[in-house]
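See below for the structure under consideration.
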Amino acid sequence: MHWQHLLWLTAGITASTSIQKHKFDRDIQQPQTDDTTTTSYVSSIKRCGTDWLEANENCHFICQTDQDCLEDYSKCWRDLSNDACTATAARIAPSIANPATAIVPFASSLDLGASIEGISVTCDGNFAAVGASKVLRLDTGQILLAGSSASSQGQFASSYFLGRNLMLVGDALAHLIYIVEIPATTSTAQTTPADVSTVQTLFPLDPRMLQPNDFTVDKTMTRVYMTGQNYTATTTAGIHGDLWYYNMVTANLIQISPMILGQAGIHRTNGIDLSPDGKSLYVTSAQNLDYNIASAKIFRFDLDARTKSTIGKPVVVVDLGKELWGLGVDPTGMDPDGLKCDVKGNLYVAMNGGGIVFRWDPVALVGSVIRLSTVMNPSNLQFGGVDGKRLVVVGRGCRGDFTASCADFVDLEAPGRGYSDLKKSGRC
């Protein structure tokens, strides 16, 4: 069949909710025709795709070889020369994150292992992360907190520095957040005793709280926003995920109405961060159906200018599944985990199970992908480094080893919102 006829026949093939995959033989990698007048449309540009037509029709990533493509789009096909398509592909071409062994050598510590989570940034731009029962600096290996010090049930999930020697640590099983005062020390020994840290609970236990899983803090370092989830086979919106707000000045702990979450279709909440102007709160939601991820989205909550609690109805900012399909990435099995915002308002989400970070530009309404080199199951991510523009991603599934922890990094064009606020807080 003539290749132009083939294009005409399939031009209308689309999916109502996602981009369909077309299954054609790879023999049409470079269109063949007896009509020499059409050969000018064949260029040296190549794109990733399941087949030539699918790669061209959806303007997938530019590539040189099959190795440049993501696993589910593992073939590199010659494309047609089309300015619009070329411009789109150049805009959404994936970035590559590199192994961060030299930057955070203790990200692979056995004290973290497969439970690595909750990466946070210090005043000097270095990083710490939590394991099930310990909090470590990733540059020196210094133990900042051990579970026994906080009388916790042993499931640290998150952390956040409020100043040079002050941090918050979330315990998912104890349903608490701890205030940890770290004594000033020059020690870099991995064996630094954790029990020298002073630990207090941030707020009294509330039995309604599901975890917390992750949390973020505003620029005043006094307002804390928390997510939590109950991971079940099939989730119900407003029941298996929750959202909380705590004001450290007034000591008010507020649960955002489960009815609001339910009406919005918010299921398991996880990643959370604030916009650079502090007017919006971003939260991820994942819906389970028979243990499969049926949908994954990012919601935005508006915040009251005076109280900084949420107001109004949350709105969907990004349908992650739809956007990933549009980028040529099969989102099957990917669970949105940690979320961070940079000072330009760009959102970054660790897609656990996919070996990628999804980036969303809310101004251009364009998504892109950062492919990770070693981390298959990224659990969280954080900006830091000298200028706050270095994004470090932690997780497990390290080159196939799902018992180990590791990290990748990528240098970006804007500092992280949280790091920028910390540096401006006067607490460093």
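A note on labels: chains of the structure tokens are A, B, ... as shown, every chain counts residues from 1, and ligands are counted from 1 in their shown order.
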>> Need to verify the contact set: Ala264 (chain A), 10 Å, only C-alpha atoms, exclusion of same-chain residues closer than 6 positions in sequence. Can you return it as a count of residues only?
In response: 8
Closest contacts (region 290-389 of chain A/region 276-285 of chain A, max 8 Å, only C-alpha atoms) as CSV:
residue,atom,partner,partner_atom,distance
A:Ala296,CA,A:Ser285,CA,5.7
A:Lys297,CA,A:Ser285,CA,5.3
A:Ile298,CA,A:Thr284,CA,4.4
A:Phe299,CA,A:Val283,CA,5.3
A:Arg300,CA,A:Tyr282,CA,4.6
A:Phe301,CA,A:Leu281,CA,5.0
A:Asp302,CA,A:Ser280,CA,4.7
A:Leu303,CA,A:Lys279,CA,5.3
A:Asp304,CA,A:Lys279,CA,7.6
A:Ala305,CA,A:Lys279,CA,7.2
A:Lys308,CA,A:Lys279,CA,7.9
A:Thr310,CA,A:Leu281,CA,7.9
A:Pro336,CA,A:Thr284,CA,6.6
A:Asp337,CA,A:Thr284,CA,7.6
A:Leu339,CA,A:Thr284,CA,7.7
A:Cys341,CA,A:Pro276,CA,7.4
A:Asp342,CA,A:Pro276,CA,7.1
A:Val343,CA,A:Pro276,CA,5.3
A:Lys344,CA,A:Pro276,CA,7.1
A:Gly345,CA,A:Pro276,CA,6.1
Can you spit out the residues from that selection as an mmCIF file, in the first residue's frame, using N, CA, C and O atoms?
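New file again-v2.cif:
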data_model
loop_
_atom_site.group_PDB
_atom_site.id
_atom_site.type_symbol
_atom_site.label_atom_id
_atom_site.label_comp_id
_atom_site.auth_asym_id
_atom_site.auth_seq_id
_atom_site.Cartn_x
_atom_site.Cartn_y
_atom_site.Cartn_z
ATOM 1 N N ALA A 296 -4.092 9.188 37.912
ATOM 2 C CA ALA A 296 -3.103 9.932 38.692
ATOM 3 C C ALA A 296 -3.156 11.384 38.249
ATOM 4 O O ALA A 296 -3.027 11.676 37.059
ATOM 5 N N LYS A 297 -3.343 12.286 39.206
ATOM 6 C CA LYS A 297 -3.529 13.693 38.863
ATOM 7 C C LYS A 297 -2.844 14.596 39.881
ATOM 8 O O LYS A 297 -2.519 14.170 40.990
ATOM 9 N N ILE A 298 -2.641 15.849 39.483
ATOM 10 C CA ILE A 298 -2.191 16.894 40.401
ATOM 11 C C ILE A 298 -3.334 17.892 40.551
ATOM 12 O O ILE A 298 -3.875 18.386 39.557
ATOM 13 N N PHE A 299 -3.697 18.172 41.802
ATOM 14 C CA PHE A 299 -4.754 19.139 42.101
ATOM 15 C C PHE A 299 -4.148 20.418 42.684
ATOM 16 O O PHE A 299 -3.098 20.380 43.334
ATOM 17 N N ARG A 300 -4.845 21.520 42.465
ATOM 18 C CA ARG A 300 -4.439 22.792 43.062
ATOM 19 C C ARG A 300 -5.542 23.292 43.995
ATOM 20 O O ARG A 300 -6.714 23.343 43.630
ATOM 21 N N PHE A 301 -5.137 23.655 45.220
ATOM 22 C CA PHE A 301 -6.027 24.280 46.187
ATOM 23 C C PHE A 301 -5.641 25.751 46.308
ATOM 24 O O PHE A 301 -4.452 26.072 46.444
ATOM 25 N N ASP A 302 -6.604 26.645 46.285
ATOM 26 C CA ASP A 302 -6.341 28.048 46.594
ATOM 27 C C ASP A 302 -6.263 28.209 48.102
ATOM 28 O O ASP A 302 -6.963 27.525 48.853
ATOM 29 N N LEU A 303 -5.401 29.136 48.554
ATOM 30 C CA LEU A 303 -5.219 29.370 49.987
ATOM 31 C C LEU A 303 -5.768 30.731 50.377
ATOM 32 O O LEU A 303 -5.601 31.713 49.644
ATOM 33 N N ASP A 304 -6.400 30.776 51.533
ATOM 34 C CA ASP A 304 -6.939 32.025 52.055
ATOM 35 C C ASP A 304 -5.784 32.983 52.352
ATOM 36 O O ASP A 304 -4.778 32.606 52.957
ATOM 37 N N ALA A 305 -5.925 34.233 51.920
ATOM 38 C CA ALA A 305 -4.839 35.206 52.070
ATOM 39 C C ALA A 305 -4.489 35.468 53.527
ATOM 40 O O ALA A 305 -3.335 35.781 53.846
ATOM 41 N N LYS A 308 -4.310 31.238 55.406
ATOM 42 C CA LYS A 308 -3.464 30.321 54.618
ATOM 43 C C LYS A 308 -3.979 28.888 54.645
ATOM 44 O O LYS A 308 -3.255 27.949 54.312
ATOM 45 N N THR A 310 -6.909 26.152 53.120
ATOM 46 C CA THR A 310 -7.471 25.998 51.782
ATOM 47 C C THR A 310 -8.878 26.586 51.715
ATOM 48 O O THR A 310 -9.630 26.561 52.692
ATOM 49 N N PRO A 336 2.344 8.541 41.391
ATOM 50 C CA PRO A 336 2.956 9.832 41.729
ATOM 51 C C PRO A 336 3.343 9.886 43.200
ATOM 52 O O PRO A 336 2.523 9.628 44.074
ATOM 53 N N ASP A 337 4.595 10.213 43.442
ATOM 54 C CA ASP A 337 5.110 10.228 44.816
ATOM 55 C C ASP A 337 5.488 11.659 45.183
ATOM 56 O O ASP A 337 4.639 12.537 45.158
ATOM 57 N N LEU A 339 6.624 15.537 45.302
ATOM 58 C CA LEU A 339 6.364 16.649 44.396
ATOM 59 C C LEU A 339 7.092 17.887 44.884
ATOM 60 O O LEU A 339 7.104 18.173 46.086
ATOM 61 N N CYS A 341 8.171 22.184 43.667
ATOM 62 C CA CYS A 341 7.928 23.323 42.792
ATOM 63 C C CYS A 341 9.180 24.200 42.778
ATOM 64 O O CYS A 341 9.825 24.371 43.822
ATOM 65 N N ASP A 342 9.548 24.741 41.612
ATOM 66 C CA ASP A 342 10.669 25.674 41.573
ATOM 67 C C ASP A 342 10.141 27.106 41.652
ATOM 68 O O ASP A 342 8.929 27.342 41.689
ATOM 69 N N VAL A 343 11.040 28.078 41.691
ATOM 70 C CA VAL A 343 10.619 29.465 41.896
ATOM 71 C C VAL A 343 9.889 30.034 40.686
ATOM 72 O O VAL A 343 9.275 31.111 40.776
ATOM 73 N N LYS A 344 9.949 29.356 39.550
ATOM 74 C CA LYS A 344 9.195 29.782 38.370
ATOM 75 C C LYS A 344 7.803 29.160 38.322
ATOM 76 O O LYS A 344 7.019 29.467 37.430
ATOM 77 N N GLY A 345 7.527 28.273 39.254
ATOM 78 C CA GLY A 345 6.222 27.638 39.305
ATOM 79 C C GLY A 345 6.147 26.294 38.618
ATOM 80 O O GLY A 345 5.080 25.668 38.595
#
> Between A:Ala132, A:Val375, A:Leu173, A:Arg417, which has the minimum distance to Leu110 (chain A) (counting only C-alpha atoms)?
Replying inline: A:Ala132
> Quick one: DSSP helix (DSSP H, G or I) residues in region 235-425 of chain A, as a PyMOL selection string?
Replying inline: chain A and resi 258-264+320-326+417-424
> How many Å lie between CA of Ser108 (chain A) and CA of Val199 (chain A), rounded to one decimal?
Replying inline: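 CA of Ser108 (chain A) sits 25.7 Å away from CA of Val199 (chain A).
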Could I get the residues of region 282-352 of chain A with an atom no further than 10 Å from an atom of region 385-407 of chain A, each paired with its nearest atom pair and that distance in Å to one decimal, using only C-alpha atoms, sorted by chain and residue number, as a Markdown table?
| residue | atom | partner | partner_atom | distance |
| --- | --- | --- | --- | --- |
| A:Gly338 | CA | A:Val393 | CA | 9.2 |
| A:Lys340 | CA | A:Leu391 | CA | 9.5 |
| A:Asp342 | CA | A:Lys389 | CA | 8.5 |
| A:Val343 | CA | A:Lys389 | CA | 9.9 |
| A:Tyr348 | CA | A:Leu391 | CA | 9.5 |
| A:Val349 | CA | A:Val393 | CA | 10.0 |
| A:Ala350 | CA | A:Val393 | CA | 7.6 |
| A:Asn352 | CA | A:Gly395 | CA | 8.2 |
If you keep all heavy atoms, can you produce a file of those selected residues as a compact mmCIF listing (two decimals), in the first residue's frame?
# COMPACT_ATOMS: atom_id res chain seq x y z
N GLY A 338 6.76 11.91 45.51
CA GLY A 338 7.15 13.25 45.93
C GLY A 338 6.91 14.30 44.86
O GLY A 338 7.00 14.02 43.67
N LYS A 340 7.71 18.62 43.96
CA LYS A 340 8.38 19.87 44.31
C LYS A 340 8.10 20.92 43.24
O LYS A 340 7.85 20.60 42.08
CB LYS A 340 9.90 19.67 44.43
CG LYS A 340 10.33 18.83 45.62
CD LYS A 340 10.00 19.49 46.93
CE LYS A 340 10.41 18.67 48.13
NZ LYS A 340 9.59 17.44 48.28
N ASP A 342 9.55 24.74 41.61
CA ASP A 342 10.67 25.67 41.57
C ASP A 342 10.14 27.11 41.65
O ASP A 342 8.93 27.34 41.69
CB ASP A 342 11.57 25.44 40.36
CG ASP A 342 10.89 25.76 39.02
OD1 ASP A 342 9.92 26.54 39.01
OD2 ASP A 342 11.35 25.25 37.99
N VAL A 343 11.04 28.08 41.69
CA VAL A 343 10.62 29.47 41.90
C VAL A 343 9.89 30.03 40.69
O VAL A 343 9.28 31.11 40.78
CB VAL A 343 11.83 30.36 42.24
CG1 VAL A 343 12.46 29.93 43.56
CG2 VAL A 343 12.86 30.35 41.12
N TYR A 348 7.47 19.33 39.63
CA TYR A 348 8.26 18.12 39.38
C TYR A 348 7.70 17.00 40.24
O TYR A 348 7.57 17.15 41.46
CB TYR A 348 9.73 18.35 39.73
CG TYR A 348 10.38 19.46 38.92
CD1 TYR A 348 10.21 20.79 39.27
CD2 TYR A 348 11.15 19.16 37.80
CE1 TYR A 348 10.79 21.81 38.52
CE2 TYR A 348 11.74 20.18 37.04
CZ TYR A 348 11.55 21.49 37.42
OH TYR A 348 12.12 22.49 36.67
N VAL A 349 7.36 15.87 39.62
CA VAL A 349 6.76 14.75 40.33
C VAL A 349 7.58 13.49 40.12
O VAL A 349 7.87 13.12 38.97
CB VAL A 349 5.31 14.49 39.86
CG1 VAL A 349 4.66 13.42 40.72
CG2 VAL A 349 4.50 15.76 39.88
N ALA A 350 7.96 12.84 41.21
CA ALA A 350 8.65 11.55 41.12
C ALA A 350 7.62 10.48 40.79
O ALA A 350 6.69 10.25 41.57
CB ALA A 350 9.35 11.23 42.44
N ASN A 352 6.91 7.03 40.84
CA ASN A 352 7.38 5.78 41.43
C ASN A 352 6.96 4.60 40.56
O ASN A 352 5.79 4.45 40.22
CB ASN A 352 6.78 5.63 42.83
CG ASN A 352 7.60 4.73 43.72
OD1 ASN A 352 8.18 3.75 43.26
ND2 ASN A 352 7.64 5.05 45.00
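The coordinates place CA of Ser95 (chain A) at 17.1 Å from CA of Asp330 (chain A).
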Within 10 Å of region 201-209 of chain A: each region 252-318 of chain A residue with its shortest pair, only C-alpha atoms, as a tab-separated table:
residue	atom	partner	partner_atom	distance
A:Asn252	CA	A:Phe203	CA	8.7
A:Leu253	CA	A:Phe203	CA	7.6
A:Gln255	CA	A:Met209	CA	8.2
>> With distances taken over only C-alpha atoms, which residue among A:Ile370, A:Ile356, A:Arg164, A:Val329 lies nearest Cys48 (chain A)?
In response: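 The closest residue to Cys48 (chain A) is A:Val329.
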> Got a sec: who's within 10 Å of Asp408 (chain A), counting only C-alpha atoms, leaving out chain neighbours fewer than 3 positions off, as a list in words?
Replying inline: Ile96, Ala97, Asn98, Pro99, Ala100, Thr101, Ile103, Val104, Ala107, Arg371, Leu372, Ser373, Thr374, Val375, Pro378, Leu381, Leu391, Val392, Val393, Val394 and Gly395 of chain A
Could you take the residues named above and write them with N, CA and C atoms, as a PDB file, in the first residue's frame?
ATOM      1  N   ILE A  96      18.103  13.937  30.946  1.00  0.00           N
ATOM      2  CA  ILE A  96      18.690  12.745  31.555  1.00  0.00           C
ATOM      3  C   ILE A  96      19.293  13.119  32.902  1.00  0.00           C
ATOM      4  N   ALA A  97      18.895  12.412  33.955  1.00  0.00           N
ATOM      5  CA  ALA A  97      19.497  12.602  35.274  1.00  0.00           C
ATOM      6  C   ALA A  97      20.657  11.621  35.433  1.00  0.00           C
ATOM      7  N   ASN A  98      21.716  12.066  36.064  1.00  0.00           N
ATOM      8  CA  ASN A  98      22.924  11.258  36.219  1.00  0.00           C
ATOM      9  C   ASN A  98      23.025  10.676  37.624  1.00  0.00           C
ATOM     10  N   PRO A  99      23.770   9.588  37.789  1.00  0.00           N
ATOM     11  CA  PRO A  99      23.977   9.030  39.133  1.00  0.00           C
ATOM     12  C   PRO A  99      24.572  10.076  40.068  1.00  0.00           C
ATOM     13  N   ALA A 100      24.068  10.135  41.300  1.00  0.00           N
ATOM     14  CA  ALA A 100      24.479  11.178  42.245  1.00  0.00           C
ATOM     15  C   ALA A 100      25.432  10.647  43.313  1.00  0.00           C
ATOM     16  N   THR A 101      26.137   9.579  43.002  1.00  0.00           N
ATOM     17  CA  THR A 101      27.019   8.940  43.990  1.00  0.00           C
ATOM     18  C   THR A 101      28.027   9.904  44.578  1.00  0.00           C
ATOM     19  N   ILE A 103      27.792  13.133  44.821  1.00  0.00           N
ATOM     20  CA  ILE A 103      27.139  14.255  45.509  1.00  0.00           C
ATOM     21  C   ILE A 103      26.534  13.815  46.831  1.00  0.00           C
ATOM     22  N   VAL A 104      25.876  12.677  46.820  1.00  0.00           N
ATOM     23  CA  VAL A 104      25.223  12.146  48.032  1.00  0.00           C
ATOM     24  C   VAL A 104      25.656  10.694  48.225  1.00  0.00           C
ATOM     25  N   ALA A 107      23.483   8.058  50.090  1.00  0.00           N
ATOM     26  CA  ALA A 107      22.133   7.720  49.647  1.00  0.00           C
ATOM     27  C   ALA A 107      21.957   6.213  49.532  1.00  0.00           C
ATOM     28  N   ARG A 371      14.477  11.481  32.584  1.00  0.00           N
ATOM     29  CA  ARG A 371      14.733  10.048  32.744  1.00  0.00           C
ATOM     30  C   ARG A 371      15.853   9.827  33.755  1.00  0.00           C
ATOM     31  N   LEU A 372      15.630   8.902  34.682  1.00  0.00           N
ATOM     32  CA  LEU A 372      16.604   8.611  35.723  1.00  0.00           C
ATOM     33  C   LEU A 372      17.548   7.499  35.280  1.00  0.00           C
ATOM     34  N   SER A 373      18.787   7.596  35.713  1.00  0.00           N
ATOM     35  CA  SER A 373      19.805   6.634  35.287  1.00  0.00           C
ATOM     36  C   SER A 373      19.842   5.382  36.139  1.00  0.00           C
ATOM     37  N   THR A 374      19.649   5.539  37.450  1.00  0.00           N
ATOM     38  CA  THR A 374      19.799   4.393  38.346  1.00  0.00           C
ATOM     39  C   THR A 374      18.551   4.087  39.156  1.00  0.00           C
ATOM     40  N   VAL A 375      17.698   5.081  39.397  1.00  0.00           N
ATOM     41  CA  VAL A 375      16.534   4.910  40.286  1.00  0.00           C
ATOM     42  C   VAL A 375      15.315   4.490  39.470  1.00  0.00           C
ATOM     43  N   PRO A 378      11.531   6.047  42.012  1.00  0.00           N
ATOM     44  CA  PRO A 378      11.809   7.287  42.744  1.00  0.00           C
ATOM     45  C   PRO A 378      10.707   7.580  43.756  1.00  0.00           C
ATOM     46  N   LEU A 381      12.066  13.795  45.915  1.00  0.00           N
ATOM     47  CA  LEU A 381      13.040  14.635  45.221  1.00  0.00           C
ATOM     48  C   LEU A 381      13.138  15.973  45.926  1.00  0.00           C
ATOM     49  N   LEU A 391      18.534  19.292  41.291  1.00  0.00           N
ATOM     50  CA  LEU A 391      17.439  18.427  41.729  1.00  0.00           C
ATOM     51  C   LEU A 391      17.984  17.029  41.969  1.00  0.00           C
ATOM     52  N   VAL A 392      17.862  16.549  43.209  1.00  0.00           N
ATOM     53  CA  VAL A 392      18.307  15.206  43.569  1.00  0.00           C
ATOM     54  C   VAL A 392      17.075  14.336  43.807  1.00  0.00           C
ATOM     55  N   VAL A 393      17.081  13.164  43.200  1.00  0.00           N
ATOM     56  CA  VAL A 393      15.950  12.240  43.268  1.00  0.00           C
ATOM     57  C   VAL A 393      16.410  10.965  43.966  1.00  0.00           C
ATOM     58  N   VAL A 394      15.697  10.528  44.998  1.00  0.00           N
ATOM     59  CA  VAL A 394      16.059   9.318  45.727  1.00  0.00           C
ATOM     60  C   VAL A 394      15.000   8.246  45.517  1.00  0.00           C
ATOM     61  N   GLY A 395      15.398   6.997  45.714  1.00  0.00           N
ATOM     62  CA  GLY A 395      14.451   5.901  45.586  1.00  0.00           C
ATOM     63  C   GLY A 395      15.152   4.558  45.633  1.00  0.00           C
TER      64      GLY A 395
END
Taking 6 positions as the minimum chain separation for residues in the same chain, which residues sit within 6 Å of Tyr245 (chain A) when counting only C-alpha atoms? Answer as a PDB file with all heavy atoms, in the first residue's frame.
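The file below, result_4.pdb, is the result:
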ATOM      1  N   VAL A 224       2.431  24.267  58.151  1.00  0.00           N
ATOM      2  CA  VAL A 224       2.767  22.940  57.645  1.00  0.00           C
ATOM      3  C   VAL A 224       1.536  22.332  56.974  1.00  0.00           C
ATOM      4  O   VAL A 224       0.438  22.334  57.552  1.00  0.00           O
ATOM      5  CB  VAL A 224       3.244  22.016  58.789  1.00  0.00           C
ATOM      6  CG1 VAL A 224       3.719  20.675  58.233  1.00  0.00           C
ATOM      7  CG2 VAL A 224       4.358  22.686  59.587  1.00  0.00           C
ATOM      8  N   TYR A 225       1.733  21.797  55.773  1.00  0.00           N
ATOM      9  CA  TYR A 225       0.651  21.153  55.016  1.00  0.00           C
ATOM     10  C   TYR A 225       1.028  19.688  54.814  1.00  0.00           C
ATOM     11  O   TYR A 225       2.129  19.381  54.352  1.00  0.00           O
ATOM     12  CB  TYR A 225       0.458  21.843  53.673  1.00  0.00           C
ATOM     13  CG  TYR A 225       0.136  23.313  53.795  1.00  0.00           C
ATOM     14  CD1 TYR A 225       1.156  24.265  53.914  1.00  0.00           C
ATOM     15  CD2 TYR A 225      -1.177  23.767  53.807  1.00  0.00           C
ATOM     16  CE1 TYR A 225       0.872  25.618  54.037  1.00  0.00           C
ATOM     17  CE2 TYR A 225      -1.475  25.119  53.929  1.00  0.00           C
ATOM     18  CZ  TYR A 225      -0.446  26.035  54.038  1.00  0.00           C
ATOM     19  OH  TYR A 225      -0.728  27.379  54.166  1.00  0.00           O
ATOM     20  N   LEU A 253      -4.563  22.662  64.463  1.00  0.00           N
ATOM     21  CA  LEU A 253      -4.443  21.532  63.547  1.00  0.00           C
ATOM     22  C   LEU A 253      -5.799  21.338  62.874  1.00  0.00           C
ATOM     23  O   LEU A 253      -6.798  21.082  63.556  1.00  0.00           O
ATOM     24  CB  LEU A 253      -4.035  20.266  64.302  1.00  0.00           C
ATOM     25  CG  LEU A 253      -3.916  18.988  63.467  1.00  0.00           C
ATOM     26  CD1 LEU A 253      -2.800  19.108  62.444  1.00  0.00           C
ATOM     27  CD2 LEU A 253      -3.671  17.778  64.381  1.00  0.00           C
ATOM     28  N   ILE A 254      -5.834  21.473  61.568  1.00  0.00           N
ATOM     29  CA  ILE A 254      -7.089  21.454  60.825  1.00  0.00           C
ATOM     30  C   ILE A 254      -7.055  20.380  59.754  1.00  0.00           C
ATOM     31  O   ILE A 254      -6.094  20.297  58.975  1.00  0.00           O
ATOM     32  CB  ILE A 254      -7.352  22.824  60.164  1.00  0.00           C
ATOM     33  CG1 ILE A 254      -7.420  23.925  61.227  1.00  0.00           C
ATOM     34  CG2 ILE A 254      -8.633  22.789  59.334  1.00  0.00           C
ATOM     35  CD1 ILE A 254      -7.459  25.322  60.652  1.00  0.00           C
TER      36      ILE A 254
END
>> Give me the residues near Ser159 (chain A) as a list in words, where near means some atom within 9 Å (using only C-alpha atoms) and where sequence neighbours in that chain fewer than 5 positions away do not count.
In response: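 Those residues are Glu117, Gly118, Ile119, Ser120, Val121, Ala128, Ala129, Val130, Val135, Met167, Leu168, Val169, Gly170, Ile177, Asp214, Phe215 and Thr216 of chain A.
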> Expressed in Å to a single decimal, how great is the separation between CA of Ala102 (chain A) and CA of Asn270 (chain A)?
Replying inline: 28.9 Å
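The residue set within 12 Å of Leu210 (chain A), counting only C-alpha atoms and dropping same-chain residues fewer than 4 places from it, reads Asp171, Ala172, Leu173, Ala174, His175, Leu176, Leu205, Asp206, Asp214, Met226, Thr227, Gly228, Gln229, Asn230, Tyr231, Gly238, Ile239, His240, Gly241, Asp242, Leu243, Trp244, Gln255, Pro258, Arg268, Thr269 and Asn270 of chain A.
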>> Let's see if you can do this: from backbone DSSP, list all strand (DSSP E) residues in region 124-298 of chain A, as a PyMOL selection string.
In response: chain A and resi 127-130+134-137+143-146+156-163+166-171+176-181+198-201+215-217+223-229+241-247+252-255+268-274+280-289+292-298
